[in-house]
$ cat protein.pdb   # PDB, C-alpha atoms
ATOM      1  CA  MET A   1      -7.659  31.740  60.112
ATOM      2  CA  ARG A   2     -10.916  33.424  59.245
ATOM      3  CA  SER A   3     -13.474  35.099  61.406
ATOM      4  CA  GLN A   4     -17.125  34.246  60.984
ATOM      5  CA  TRP A   5     -19.408  37.242  61.130
ATOM      6  CA  TYR A   6     -22.886  36.538  62.281
ATOM      7  CA  GLY A   7     -25.926  38.664  62.741
ATOM      8  CA  ALA A   8     -28.260  37.060  65.190
ATOM      9  CA  ALA A   9     -26.260  35.921  68.179
ATOM     10  CA  PHE A  10     -24.567  38.209  70.623
ATOM     11  CA  GLY A  11     -21.514  37.707  72.779
ATOM     12  CA  GLY A  12     -18.950  36.560  70.223
ATOM     13  CA  LYS A  13     -15.289  36.767  70.933
ATOM     14  CA  ALA A  14     -14.842  39.941  68.925
ATOM     15  CA  LEU A  15     -16.960  43.051  68.678
ATOM     16  CA  GLU A  16     -16.909  45.582  65.870
ATOM     17  CA  LEU A  17     -17.522  49.158  66.899
ATOM     18  CA  ALA A  18     -19.514  50.028  63.816
ATOM     19  CA  GLY A  19     -20.339  53.683  64.281
ATOM     20  CA  ARG A  20     -20.340  56.182  67.094
ATOM     21  CA  VAL A  21     -20.925  59.849  67.660
ATOM     22  CA  VAL A  22     -20.799  62.057  70.732
ATOM     23  CA  HIS A  23     -22.415  65.486  70.444
ATOM     24  CA  PRO A  24     -19.656  68.132  70.286
ATOM     25  CA  GLU A  25     -20.978  69.817  73.431
ATOM     26  CA  TYR A  26     -20.683  66.547  75.351
ATOM     27  CA  GLN A  27     -17.221  65.459  74.212
ATOM     28  CA  GLU A  28     -14.301  65.060  76.619
ATOM     29  CA  GLN A  29     -16.731  64.017  79.376
ATOM     30  CA  GLY A  30     -16.016  60.305  79.214
ATOM     31  CA  ILE A  31     -19.358  59.381  77.646
ATOM     32  CA  ALA A  32     -17.889  57.225  74.873
ATOM     33  CA  THR A  33     -15.580  55.512  77.354
ATOM     34  CA  THR A  34     -18.489  54.853  79.734
ATOM     35  CA  MET A  35     -20.467  53.322  76.876
ATOM     36  CA  LEU A  36     -17.506  51.155  75.933
ATOM     37  CA  ASP A  37     -16.948  50.088  79.545
ATOM     38  CA  ASN A  38     -20.640  49.142  79.802
ATOM     39  CA  LEU A  39     -20.376  47.169  76.589
ATOM     40  CA  LEU A  40     -17.337  45.230  77.756
ATOM     41  CA  LEU A  41     -18.927  44.521  81.127
ATOM     42  CA  THR A  42     -21.993  43.100  79.433
ATOM     43  CA  THR A  43     -20.413  41.170  76.590
ATOM     44  CA  GLN A  44     -16.840  40.388  77.715
ATOM     45  CA  PRO A  45     -15.272  40.095  74.255
ATOM     46  CA  GLU A  46     -11.625  39.204  73.755
ATOM     47  CA  PHE A  47     -11.152  41.582  70.839
ATOM     48  CA  LEU A  48     -12.488  44.857  69.504
ATOM     49  CA  THR A  49     -12.335  45.963  65.889
ATOM     50  CA  THR A  50     -13.279  49.048  63.953
ATOM     51  CA  TYR A  51     -12.645  51.151  60.856
ATOM     52  CA  THR A  52     -11.642  54.706  61.606
ATOM     53  CA  ARG A  53      -9.561  57.737  60.735
ATOM     54  CA  ASN A  54     -10.203  59.370  64.102
ATOM     55  CA  PRO A  55      -7.453  59.277  66.761
ATOM     56  CA  ARG A  56     -10.097  59.813  69.466
ATOM     57  CA  ILE A  57     -11.521  56.393  68.619
ATOM     58  CA  LEU A  58      -8.060  54.875  68.921
ATOM     59  CA  ARG A  59      -7.555  56.523  72.306
ATOM     60  CA  MET A  60     -10.940  55.262  73.494
ATOM     61  CA  MET A  61     -10.048  51.713  72.411
ATOM     62  CA  ASN A  62      -6.559  52.026  73.876
ATOM     63  CA  HIS A  63      -8.178  52.813  77.225
ATOM     64  CA  VAL A  64      -9.491  49.241  77.425
ATOM     65  CA  SER A  65      -6.846  47.403  75.380
ATOM     66  CA  SER A  66      -3.574  45.752  76.163
ATOM     67  CA  GLU A  67      -2.503  45.889  72.502
ATOM     68  CA  LEU A  68      -3.914  47.893  69.619
ATOM     69  CA  TYR A  69      -3.069  47.088  66.001
ATOM     70  CA  PRO A  70      -1.665  48.849  63.953
ATOM     71  CA  LEU A  71      -0.179  50.971  66.729
ATOM     72  CA  VAL A  72       1.656  47.791  67.760
ATOM     73  CA  ASP A  73       2.590  45.103  65.261
ATOM     74  CA  ASP A  74       0.871  42.105  66.844
ATOM     75  CA  GLU A  75       0.606  39.038  64.624
ATOM     76  CA  GLU A  76      -2.703  37.780  66.015
ATOM     77  CA  LEU A  77      -4.335  41.180  65.832
ATOM     78  CA  ARG A  78      -3.056  41.684  62.317
ATOM     79  CA  SER A  79      -4.557  38.300  61.386
ATOM     80  CA  LEU A  80      -7.884  39.361  62.859
ATOM     81  CA  ALA A  81      -7.754  42.690  61.026
ATOM     82  CA  THR A  82      -6.954  40.880  57.787
ATOM     83  CA  THR A  83     -10.249  38.996  57.995
ATOM     84  CA  MET A  84     -12.298  42.185  58.211
ATOM     85  CA  ASN A  85     -14.290  43.097  55.142
ATOM     86  CA  TYR A  86     -12.398  45.164  52.563
ATOM     87  CA  ALA A  87      -9.116  45.098  54.536
ATOM     88  CA  GLU A  88      -6.179  45.763  52.224
ATOM     89  CA  PRO A  89      -2.535  45.801  53.284
ATOM     90  CA  ARG A  90      -0.700  48.994  52.401
ATOM     91  CA  GLY A  91       2.648  49.825  53.964
ATOM     92  CA  ASN A  92       2.563  49.533  57.746
ATOM     93  CA  ALA A  93      -1.179  48.907  58.154
ATOM     94  CA  LEU A  94      -4.430  47.608  56.729
ATOM     95  CA  TYR A  95      -6.962  49.966  55.209
ATOM     96  CA  HIS A  96     -10.473  50.026  53.865
ATOM     97  CA  ILE A  97      -9.732  51.911  50.667
ATOM     98  CA  ASN A  98     -12.544  54.186  49.465
ATOM     99  CA  ARG A  99     -14.724  53.479  52.508
ATOM    100  CA  TYR A 100     -16.194  56.969  52.309
ATOM    101  CA  ASP A 101     -17.322  59.094  49.371
ATOM    102  CA  GLU A 102     -15.072  61.646  47.707
ATOM    103  CA  ASN A 103     -15.745  64.247  50.401
ATOM    104  CA  GLY A 104     -14.807  61.911  53.228
ATOM    105  CA  LEU A 105     -16.911  61.172  56.283
ATOM    106  CA  PHE A 106     -16.212  64.415  58.067
ATOM    107  CA  VAL A 107     -17.105  67.830  56.723
ATOM    108  CA  GLY A 108     -14.673  70.471  57.919
ATOM    109  CA  VAL A 109     -11.661  69.405  59.950
ATOM    110  CA  ASP A 110     -10.423  65.906  59.225
ATOM    111  CA  PRO A 111      -9.710  64.130  62.532
ATOM    112  CA  ALA A 112      -6.809  62.288  60.889
ATOM    113  CA  SER A 113      -5.026  65.647  60.904
ATOM    114  CA  TYR A 114      -4.603  65.202  64.639
ATOM    115  CA  PRO A 115      -2.155  62.856  66.390
ATOM    116  CA  PHE A 116      -2.910  59.759  68.418
ATOM    117  CA  GLU A 117      -0.470  60.902  71.089
ATOM    118  CA  LYS A 118      -0.112  64.445  72.341
ATOM    119  CA  ASP A 119       2.666  66.228  70.443
ATOM    120  CA  GLY A 120       2.990  63.275  68.070
ATOM    121  CA  ILE A 121       2.671  63.301  64.305
ATOM    122  CA  SER A 122      -0.792  63.358  62.782
ATOM    123  CA  LEU A 123      -2.575  60.074  62.161
ATOM    124  CA  LYS A 124      -2.363  60.579  58.403
ATOM    125  CA  GLN A 125       1.391  61.096  58.669
ATOM    126  CA  GLN A 126       1.661  57.954  60.768
ATOM    127  CA  PHE A 127      -0.522  55.919  58.381
ATOM    128  CA  GLU A 128       0.052  57.284  54.922
ATOM    129  CA  GLU A 129      -3.049  56.013  53.120
ATOM    130  CA  LEU A 130      -5.125  58.277  55.387
ATOM    131  CA  ILE A 131      -3.884  61.187  53.281
ATOM    132  CA  ASN A 132      -6.911  60.284  51.144
ATOM    133  CA  VAL A 133     -10.088  61.254  53.026
ATOM    134  CA  ARG A 134     -11.913  58.294  51.499
ATOM    135  CA  ASN A 135      -9.765  55.746  53.343
ATOM    136  CA  ALA A 136     -10.113  54.267  56.825
ATOM    137  CA  LEU A 137      -7.664  52.435  59.013
ATOM    138  CA  VAL A 138      -8.560  48.848  59.962
ATOM    139  CA  VAL A 139      -8.084  48.457  63.705
ATOM    140  CA  ALA A 140      -8.033  45.417  66.003
ATOM    141  CA  ALA A 141      -7.450  45.450  69.744
ATOM    142  CA  ARG A 142      -7.016  42.862  72.480
ATOM    143  CA  VAL A 143      -9.234  43.701  75.426
ATOM    144  CA  ARG A 144      -7.316  44.113  78.673
ATOM    145  CA  ARG A 145      -8.291  41.635  81.404
TER     146      ARG A 145
ATOM    147  CA  MET B   1     -27.148  60.889  81.877
ATOM    148  CA  GLU B   2     -29.193  57.860  80.904
ATOM    149  CA  TYR B   3     -27.555  54.937  79.094
ATOM    150  CA  ILE B   4     -29.704  52.365  77.328
ATOM    151  CA  THR B   5     -29.178  49.679  74.703
ATOM    152  CA  LYS B   6     -31.598  48.814  71.915
ATOM    153  CA  THR B   7     -31.700  46.299  69.108
ATOM    154  CA  PRO B   8     -32.623  47.544  65.623
ATOM    155  CA  ASN B   9     -36.146  46.180  65.891
ATOM    156  CA  GLN B  10     -36.680  48.183  69.084
ATOM    157  CA  PHE B  11     -35.916  51.423  67.267
ATOM    158  CA  THR B  12     -38.817  53.808  66.797
ATOM    159  CA  GLU B  13     -39.066  56.467  64.098
ATOM    160  CA  HIS B  14     -38.278  59.011  66.799
ATOM    161  CA  ASP B  15     -35.111  57.067  67.715
ATOM    162  CA  VAL B  16     -34.049  57.049  64.064
ATOM    163  CA  ASP B  17     -34.744  60.779  63.751
ATOM    164  CA  GLN B  18     -32.675  61.544  66.835
ATOM    165  CA  LEU B  19     -29.790  59.318  65.803
ATOM    166  CA  SER B  20     -29.749  60.643  62.246
ATOM    167  CA  HIS B  21     -29.785  64.227  63.510
ATOM    168  CA  LEU B  22     -26.880  63.545  65.873
ATOM    169  CA  ALA B  23     -24.922  61.775  63.127
ATOM    170  CA  GLY B  24     -25.426  64.833  60.919
ATOM    171  CA  ILE B  25     -24.024  67.034  63.661
ATOM    172  CA  GLY B  26     -21.145  64.694  64.442
ATOM    173  CA  PHE B  27     -19.972  64.375  60.873
ATOM    174  CA  GLY B  28     -20.725  68.006  60.028
ATOM    175  CA  GLN B  29     -23.139  67.055  57.277
ATOM    176  CA  GLY B  30     -26.383  68.315  58.781
ATOM    177  CA  ASP B  31     -29.810  66.749  58.293
ATOM    178  CA  SER B  32     -30.528  65.242  54.895
ATOM    179  CA  PRO B  33     -32.431  62.308  53.415
ATOM    180  CA  ALA B  34     -29.088  60.687  52.553
ATOM    181  CA  MET B  35     -27.872  60.966  56.131
ATOM    182  CA  ARG B  36     -31.128  59.488  57.415
ATOM    183  CA  GLN B  37     -30.947  56.586  54.972
ATOM    184  CA  ASP B  38     -27.309  55.963  55.868
ATOM    185  CA  SER B  39     -28.287  55.963  59.554
ATOM    186  CA  VAL B  40     -31.079  53.464  58.894
ATOM    187  CA  ASN B  41     -28.650  51.227  57.014
ATOM    188  CA  HIS B  42     -26.155  51.335  59.854
ATOM    189  CA  ILE B  43     -28.843  50.666  62.463
ATOM    190  CA  ASN B  44     -30.106  47.648  60.549
ATOM    191  CA  ALA B  45     -26.568  46.308  60.112
ATOM    192  CA  SER B  46     -25.938  46.502  63.866
ATOM    193  CA  GLU B  47     -26.854  43.961  66.488
ATOM    194  CA  HIS B  48     -27.461  46.589  69.060
ATOM    195  CA  ILE B  49     -27.053  50.304  69.563
ATOM    196  CA  GLN B  50     -26.032  51.997  72.771
ATOM    197  CA  LEU B  51     -27.676  55.350  73.398
ATOM    198  CA  ALA B  52     -26.809  58.095  75.868
ATOM    199  CA  ARG B  53     -29.498  60.648  76.634
ATOM    200  CA  ASP B  54     -29.434  63.831  78.673
ATOM    201  CA  ASP B  55     -32.860  65.267  79.470
ATOM    202  CA  ASN B  56     -34.346  62.942  76.848
ATOM    203  CA  GLU B  57     -32.057  64.394  74.175
ATOM    204  CA  LEU B  58     -29.756  61.941  72.424
ATOM    205  CA  VAL B  59     -26.169  63.065  73.005
ATOM    206  CA  ALA B  60     -24.222  59.946  71.959
ATOM    207  CA  PHE B  61     -24.636  56.601  70.277
ATOM    208  CA  SER B  62     -22.497  53.589  69.525
ATOM    209  CA  MET B  63     -23.375  50.788  67.117
ATOM    210  CA  VAL B  64     -21.987  47.313  67.641
ATOM    211  CA  ARG B  65     -21.689  44.113  65.642
ATOM    212  CA  SER B  66     -20.188  40.900  66.910
ATOM    213  CA  CYS B  67     -18.216  38.114  65.284
ATOM    214  CA  LEU B  68     -16.552  34.853  66.083
ATOM    215  CA  TRP B  69     -12.815  34.740  65.792
ATOM    216  CA  ARG B  70     -10.823  31.517  65.446
TER     217      ARG B  70
END
$ encode --input "protein.pdb" --output "structure tokens"
Amino acid sequence: MRSQWYGAAFGGKALELAGRVVHPEYQEQGIATTMLDNLLLTTQPEFLTTYTRNPRILRMMNHVSSELYPLVDDEELRSLATTMNYAEPRGNALYHINRYDENGLFVGVDPASYPFEKDGISLKQQFEELINVRNALVVAARVRR
Amino acid sequence: MEYITKTPNQFTEHDVDQLSHLAGIGFGQGDSPAMRQDSVNHINASEHIQLARDDNELVAFSMVRSCLWR
């Protein structure tokens, strides 16, 4: 199965969260979650996808998902993730290798140094290719109904 | 907090400036021509961009693309 990306129409069955930032002084206020909730209300996709090395993004997606690959090994979600541009299987996940330049996307603290779950292991321990700051995890989620 | 959604062709230069500035803060890279160009590229590759403003200052954005699956 292959997905067909298209640029003009809106309201496809899957949405890619392609880039997002919340000002540091406004984080932990639910702004990103509110934006995501608004998006889902408007577009009603079945799936969400993204590339990330930030556990906050995974938590935001998990808030609206019934299953989130690669946190759960779901065959359909893995198939969807496989169709995403530059997705390469490595170990227990799919990655976009060398997505970012040699300094990585984030200057300073790398968010992959933090865990997805409180008191858990860091994201880059959980998904080993994230040890390289150039790499991003390929993520696919099934939207909860 | 004000939440709005724009398509790339609705973006003004001021919108691009604000988004690029916020991206520079978010990724710790500051303002630079490269960051602005990268922001423009991402905006143009998106179908729409959600914006959150507080007192007319951009405090968050989210870019979205869509696809068909199956």
$ resolve_selection --input "protein.pdb" --expression "the PyMOL selection byres ((chain B and resi 37) around 12)" --output "count of residues only"
20
$ atom_distance --input "protein.pdb" --atom1 "atom CA of Asn103 of chain A" --atom2 "atom CA of Ala52 of chain B"
28.4 Å
$ resolve_selection --input "protein.pdb" --expression "the PyMOL selection byres ((chain B) within 7 of (chain A))" --output "PyMOL selection string"
chain B and resi 22-23+26-29+47+59-70
$ resolve_selection --input "protein.pdb" --expression "the PyMOL selection byres ((chain B and resi 1) around 8)" --output "ChimeraX atom specification"
/B:2-3,52-55
$ residues_around --input "protein.pdb" --residues "Ser113 of chain A" --least-positions-apart "5" --cutoff "7 Å" --atoms "all atoms listed in the file" --output "list in words"
Ser122, Leu123 and Lys124 of chain A
$ residues_around --input "protein.pdb" --residues "Gln18 of chain B" --least-positions-apart "5" --cutoff "9 Å" --atoms "all atoms listed in the file" --output "PDB file with C-alpha atoms, in the coordinates of the input"
ATOM      1  CA  GLU B  13     -39.066  56.467  64.098  1.00  0.00           C
ATOM      2  CA  ALA B  23     -24.922  61.775  63.127  1.00  0.00           C
ATOM      3  CA  GLU B  57     -32.057  64.394  74.175  1.00  0.00           C
ATOM      4  CA  LEU B  58     -29.756  61.941  72.424  1.00  0.00           C
TER       5      LEU B  58
END
$ atom_distance --input "protein.pdb" --atom1 "atom CA of Arg99 of chain A" --atom2 "atom CA of Leu40 of chain A"
26.7 Å
$ decode --input "protein.pdb" --residues "segment 47-71 of chain A" --atoms "N, CA and C atoms" --output "mmCIF file, in the first residue's frame"
data_model
loop_
_atom_site.group_PDB
_atom_site.id
_atom_site.type_symbol
_atom_site.label_atom_id
_atom_site.label_comp_id
_atom_site.auth_asym_id
_atom_site.auth_seq_id
_atom_site.Cartn_x
_atom_site.Cartn_y
_atom_site.Cartn_z
ATOM 1 N N PHE A 47 -5.690 9.428 10.544
ATOM 2 C CA PHE A 47 -4.307 9.226 10.975
ATOM 3 C C PHE A 47 -3.572 10.555 11.056
ATOM 4 N N LEU A 48 -2.574 10.585 11.930
ATOM 5 C CA LEU A 48 -1.636 11.697 12.003
ATOM 6 C C LEU A 48 -0.232 11.149 11.803
ATOM 7 N N THR A 49 0.611 11.914 11.147
ATOM 8 C CA THR A 49 2.006 11.518 10.992
ATOM 9 C C THR A 49 2.901 12.707 11.309
ATOM 10 N N THR A 50 4.144 12.398 11.599
ATOM 11 C CA THR A 50 5.132 13.466 11.757
ATOM 12 C C THR A 50 6.533 12.867 11.775
ATOM 13 N N TYR A 51 7.522 13.742 11.703
ATOM 14 C CA TYR A 51 8.923 13.405 11.954
ATOM 15 C C TYR A 51 9.330 14.198 13.187
ATOM 16 N N THR A 52 9.924 13.534 14.150
ATOM 17 C CA THR A 52 10.288 14.277 15.357
ATOM 18 C C THR A 52 11.373 13.566 16.144
ATOM 19 N N ARG A 53 12.019 14.305 17.029
ATOM 20 C CA ARG A 53 12.880 13.718 18.049
ATOM 21 C C ARG A 53 12.514 14.342 19.404
ATOM 22 N N ASN A 54 11.283 14.830 19.479
ATOM 23 C CA ASN A 54 10.823 15.547 20.664
ATOM 24 C C ASN A 54 9.702 14.761 21.355
ATOM 25 N N PRO A 55 9.948 14.265 22.571
ATOM 26 C CA PRO A 55 8.891 13.507 23.261
ATOM 27 C C PRO A 55 7.634 14.325 23.545
ATOM 28 N N ARG A 56 7.755 15.650 23.612
ATOM 29 C CA ARG A 56 6.555 16.480 23.811
ATOM 30 C C ARG A 56 5.580 16.319 22.635
ATOM 31 N N ILE A 57 6.146 16.207 21.430
ATOM 32 C CA ILE A 57 5.289 16.023 20.257
ATOM 33 C C ILE A 57 4.578 14.671 20.349
ATOM 34 N N LEU A 58 5.306 13.660 20.793
ATOM 35 C CA LEU A 58 4.684 12.344 20.944
ATOM 36 C C LEU A 58 3.570 12.385 21.989
ATOM 37 N N ARG A 59 3.804 13.088 23.077
ATOM 38 C CA ARG A 59 2.767 13.179 24.116
ATOM 39 C C ARG A 59 1.544 13.931 23.597
ATOM 40 N N MET A 60 1.779 14.987 22.823
ATOM 41 C CA MET A 60 0.669 15.741 22.246
ATOM 42 C C MET A 60 -0.150 14.843 21.322
ATOM 43 N N MET A 61 0.533 14.061 20.483
ATOM 44 C CA MET A 61 -0.169 13.162 19.560
ATOM 45 C C MET A 61 -0.863 12.043 20.328
ATOM 46 N N ASN A 62 -0.204 11.566 21.381
ATOM 47 C CA ASN A 62 -0.787 10.480 22.175
ATOM 48 C C ASN A 62 -2.091 10.914 22.835
ATOM 49 N N HIS A 63 -2.200 12.200 23.098
ATOM 50 C CA HIS A 63 -3.401 12.771 23.718
ATOM 51 C C HIS A 63 -4.649 12.535 22.859
ATOM 52 N N VAL A 64 -4.463 12.446 21.554
ATOM 53 C CA VAL A 64 -5.613 12.307 20.650
ATOM 54 C C VAL A 64 -5.611 10.965 19.904
ATOM 55 N N SER A 65 -4.690 10.070 20.270
ATOM 56 C CA SER A 65 -4.517 8.835 19.510
ATOM 57 C C SER A 65 -4.921 7.619 20.329
ATOM 58 N N SER A 66 -5.388 6.617 19.611
ATOM 59 C CA SER A 66 -5.621 5.334 20.263
ATOM 60 C C SER A 66 -4.379 4.463 20.185
ATOM 61 N N GLU A 67 -3.609 4.597 19.109
ATOM 62 C CA GLU A 67 -2.331 3.899 18.965
ATOM 63 C C GLU A 67 -1.334 4.849 18.316
ATOM 64 N N LEU A 68 -0.086 4.721 18.751
ATOM 65 C CA LEU A 68 0.964 5.613 18.245
ATOM 66 C C LEU A 68 2.196 4.773 17.927
ATOM 67 N N TYR A 69 2.504 4.677 16.624
ATOM 68 C CA TYR A 69 3.695 3.948 16.188
ATOM 69 C C TYR A 69 4.883 4.911 16.171
ATOM 70 N N PRO A 70 6.038 4.548 16.667
ATOM 71 C CA PRO A 70 6.523 3.218 17.044
ATOM 72 C C PRO A 70 6.412 2.888 18.529
ATOM 73 N N LEU A 71 5.646 3.673 19.284
ATOM 74 C CA LEU A 71 5.492 3.319 20.698
ATOM 75 C C LEU A 71 4.734 2.013 20.843
#
